Structures are given as C-alpha cells and as structure tokens.
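Colleague: The following file, data-v5.pdb, comprises PDB, C-alpha atoms:
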```pdb
ATOM      1  CA  MET A   1      92.939 122.939   7.622
ATOM      2  CA  THR A   2      89.596 124.549   6.960
ATOM      3  CA  ALA A   3      88.238 124.843   3.423
ATOM      4  CA  GLU A   4      88.513 128.644   3.669
ATOM      5  CA  HIS A   5      92.162 128.463   4.789
ATOM      6  CA  HIS A   6      92.913 125.940   2.031
ATOM      7  CA  ASP A   7      91.461 128.287  -0.623
ATOM      8  CA  GLU A   8      93.579 131.187   0.661
ATOM      9  CA  ALA A   9      96.717 129.038   0.580
ATOM     10  CA  ALA A  10      95.946 127.847  -2.956
ATOM     11  CA  GLU A  11      95.487 131.449  -4.139
ATOM     12  CA  PHE A  12      98.800 132.633  -2.693
ATOM     13  CA  GLN A  13     101.447 132.588  -5.388
ATOM     14  CA  PRO A  14     104.807 134.056  -4.378
ATOM     15  CA  GLN A  15     106.212 136.473  -6.918
ATOM     16  CA  ILE A  16     109.886 136.785  -7.814
ATOM     17  CA  LYS A  17     110.861 140.431  -7.752
ATOM     18  CA  ALA A  18     113.607 142.038  -9.771
ATOM     19  CA  SER A  19     116.784 142.823  -7.881
ATOM     20  CA  THR A  20     117.062 146.307  -6.447
ATOM     21  CA  GLY A  21     120.792 146.085  -5.758
ATOM     22  CA  ALA A  22     123.649 147.668  -7.643
ATOM     23  CA  ALA A  23     123.158 147.213 -11.372
ATOM     24  CA  PHE A  24     126.561 145.718 -12.061
ATOM     25  CA  ALA A  25     127.548 144.242  -8.686
ATOM     26  CA  ARG A  26     129.616 141.054  -8.963
ATOM     27  CA  ILE A  27     131.366 138.696  -6.584
ATOM     28  CA  MET A  28     134.902 138.808  -7.910
ATOM     29  CA  GLY A  29     136.656 136.792  -5.233
ATOM     30  CA  VAL A  30     136.065 134.863  -2.054
ATOM     31  CA  GLY A  31     138.375 134.179   0.827
ATOM     32  CA  GLY A  32     138.341 132.179   4.004
ATOM     33  CA  TYR A  33     140.407 131.470   7.058
ATOM     34  CA  ARG A  34     140.549 128.361   9.197
ATOM     35  CA  PRO A  35     142.075 128.606  12.655
ATOM     36  CA  VAL A  36     145.208 126.541  13.180
ATOM     37  CA  ARG A  37     144.051 124.605  16.252
ATOM     38  CA  VAL A  38     142.250 121.364  15.349
ATOM     39  CA  ILE A  39     139.902 119.934  17.988
ATOM     40  CA  PRO A  40     139.069 116.263  17.333
ATOM     41  CA  ASN A  41     135.961 114.602  18.712
ATOM     42  CA  ALA A  42     138.123 112.850  21.312
ATOM     43  CA  GLU A  43     138.910 116.208  22.930
ATOM     44  CA  VAL A  44     135.265 117.285  22.890
ATOM     45  CA  LEU A  45     134.340 114.024  24.607
ATOM     46  CA  GLU A  46     136.336 115.147  27.646
ATOM     47  CA  TRP A  47     133.589 117.754  28.281
ATOM     48  CA  ILE A  48     130.415 115.954  27.208
ATOM     49  CA  ASP A  49     128.819 112.553  27.732
ATOM     50  CA  SER A  50     128.813 111.156  24.198
ATOM     51  CA  SER A  51     130.920 109.113  21.801
ATOM     52  CA  ASP A  52     132.897 109.757  18.645
ATOM     53  CA  GLU A  53     130.612 107.362  16.783
ATOM     54  CA  TRP A  54     127.458 109.201  17.960
ATOM     55  CA  ILE A  55     128.838 112.579  16.846
ATOM     56  CA  ARG A  56     130.089 111.274  13.474
ATOM     57  CA  THR A  57     126.938 109.377  12.513
ATOM     58  CA  ARG A  58     124.551 112.197  13.386
ATOM     59  CA  SER A  59     126.542 115.211  12.227
ATOM     60  CA  GLY A  60     129.445 113.956  10.115
ATOM     61  CA  ILE A  61     131.787 116.025  12.285
ATOM     62  CA  THR A  62     135.166 114.469  13.027
ATOM     63  CA  GLU A  63     137.014 117.635  13.990
ATOM     64  CA  ARG A  64     136.498 121.339  14.291
ATOM     65  CA  ARG A  65     138.753 124.415  14.331
ATOM     66  CA  TRP A  66     139.076 126.772  17.281
ATOM     67  CA  ALA A  67     140.830 130.086  17.173
ATOM     68  CA  GLY A  68     143.800 130.540  19.457
ATOM     69  CA  PRO A  69     144.385 133.672  21.543
ATOM     70  CA  GLU A  70     146.402 135.296  18.752
ATOM     71  CA  GLU A  71     143.690 134.558  16.166
ATOM     72  CA  THR A  72     141.283 137.419  16.800
ATOM     73  CA  VAL A  73     138.162 137.988  14.729
ATOM     74  CA  ALA A  74     139.869 141.012  13.212
ATOM     75  CA  GLU A  75     142.997 139.030  12.277
ATOM     76  CA  MET A  76     140.970 136.179  10.781
ATOM     77  CA  SER A  77     138.894 138.703   8.816
ATOM     78  CA  VAL A  78     142.012 140.367   7.422
ATOM     79  CA  GLN A  79     143.391 136.989   6.323
ATOM     80  CA  ALA A  80     140.129 136.038   4.599
ATOM     81  CA  ALA A  81     139.696 139.452   2.991
ATOM     82  CA  SER A  82     143.279 139.410   1.705
ATOM     83  CA  LYS A  83     142.600 136.121  -0.077
ATOM     84  CA  ALA A  84     139.378 137.456  -1.607
ATOM     85  CA  ILE A  85     141.098 140.641  -2.781
ATOM     86  CA  ALA A  86     143.979 138.675  -4.310
ATOM     87  CA  GLN A  87     141.575 136.301  -6.080
ATOM     88  CA  ALA A  88     139.597 139.244  -7.444
ATOM     89  CA  GLY A  89     142.740 140.914  -8.727
ATOM     90  CA  VAL A  90     141.777 144.139  -6.990
ATOM     91  CA  VAL A  91     144.349 146.665  -5.814
ATOM     92  CA  PRO A  92     143.351 147.389  -2.177
ATOM     93  CA  SER A  93     144.303 151.063  -2.391
ATOM     94  CA  ARG A  94     141.802 151.523  -5.271
ATOM     95  CA  SER A  95     138.814 149.931  -3.534
ATOM     96  CA  ALA A  96     136.089 151.480  -1.375
ATOM     97  CA  ARG A  97     135.968 154.716  -3.345
TER      98      ARG A  97
END
```
Could you take the file, read its structure, and then write that structure out as structure tokens?

Modeller:
Amino acid sequence: MTAEHHDEAAEFQPQIKASTGAAFARIMGVGGYRPVRVIPNAEVLEWIDSSDEWIRTRSGITERRWAGPEETVAEMSVQAASKAIAQAGVVPSRSAR
C-alpha cells in the first residue's frame, strides 16, 4: 500500500444515513416453510465422492430439505406467508390496500 493510498483510506469515514423507507414500517410477523422430504448426508454421498464426517466437520450439515413435486415455490410461499400473517394478527382481506 502506497503512502498516498494509505492516507486516502484513513480519510474515508463511512457515514450512516437516515432511513428513507416508510416512516412507520414494522415487521409484524415472520413465517417459514420447510419441505417434507429430508435428505441425509448418506443419500448425498450416493452422488458425490465424500464422507458424512467430511461434510459435518466442514459445514455442520447433517441433513437438508428438498421440495417434492407437489411442493411448488408458490405453495411453499403461501404456507410461509400464511404463518407470517397469522403471527402478525393481520386480516388478509384488509392488507395490501
């Protein structure tokens, strides 16, 4: 790093700006959906050259969820949104107005 570049970096001070979003926006509820099908590392190992131990120690992953044919993105989104709406106590027919 040159002395000139170092001086420029030292002078740069990021500024936190005030939010420009909606004045009273709040997250009132959250929702999620996990597909039913559980895929353990043992099944993944049928397709890759690795080991359960290697996957677990490096990523912590022991299983993952895969959507089945009936679990479309739209269906999973509806399930998650329904949970968020219920948690928020919002009446769906009164939202998005």

Colleague: Can you measure CA of Val73 (chain A) to CA of Arg34 (chain A) for me? One decimal in Å is fine.

Modeller: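 One can read the CA of Val73 (chain A) to CA of Arg34 (chain A) distance as 11.4 Å.
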
Colleague: Name the residues within 8 Å of (146.2, 129.4, 18.7), counting all atoms listed in the file in the file's coordinates, and put them as a list in words.

Modeller: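 Every residue inside that radius is included here: Pro35, Val36, Arg37, Trp66, Ala67, Gly68, Pro69, Glu70 and Glu71 of chain A.
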
Colleague: Please measure the separation of CA of Gly32 (chain A) and CA of Ile61 (chain A), giving the value in Å to one decimal.

Modeller: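 Separation of CA of Gly32 (chain A) and CA of Ile61 (chain A): 19.3 Å.
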
Colleague: So, with all atoms listed in the file as the atoms that count, which of A:Ser93, A:Thr72, A:Ser77, A:Gln87 lies closest to Tyr33 (chain A)?

Modeller: A:Ser77

Colleague: With distances taken over only C-alpha atoms, which of A:Met28, A:Thr62, A:Ile48, A:Ile55 is nearest to Gly89 (chain A)?

Modeller: A:Met28

Colleague: Figure out the distance between CA of Ala86 (chain A) and CA of Gly21 (chain A), please, to one decimal in Å.

Modeller: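 Distance between the two atoms: 24.4 Å.
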
Colleague: For Glu53 (chain A), which residue among A:Asn41, A:Thr20, A:Ala81, A:Gln13 is the nearest when counting only C-alpha atoms?

Modeller: A:Asn41

Colleague: Kindly extract all protein, DNA and RNA residues lying within 12 Å of the coordinates (137.8, 114.3, 15.0) given in the file, considering only C-alpha atoms, and supply them as a ChimeraX atom specification.

Modeller: /A:38-45,51-56,59-65
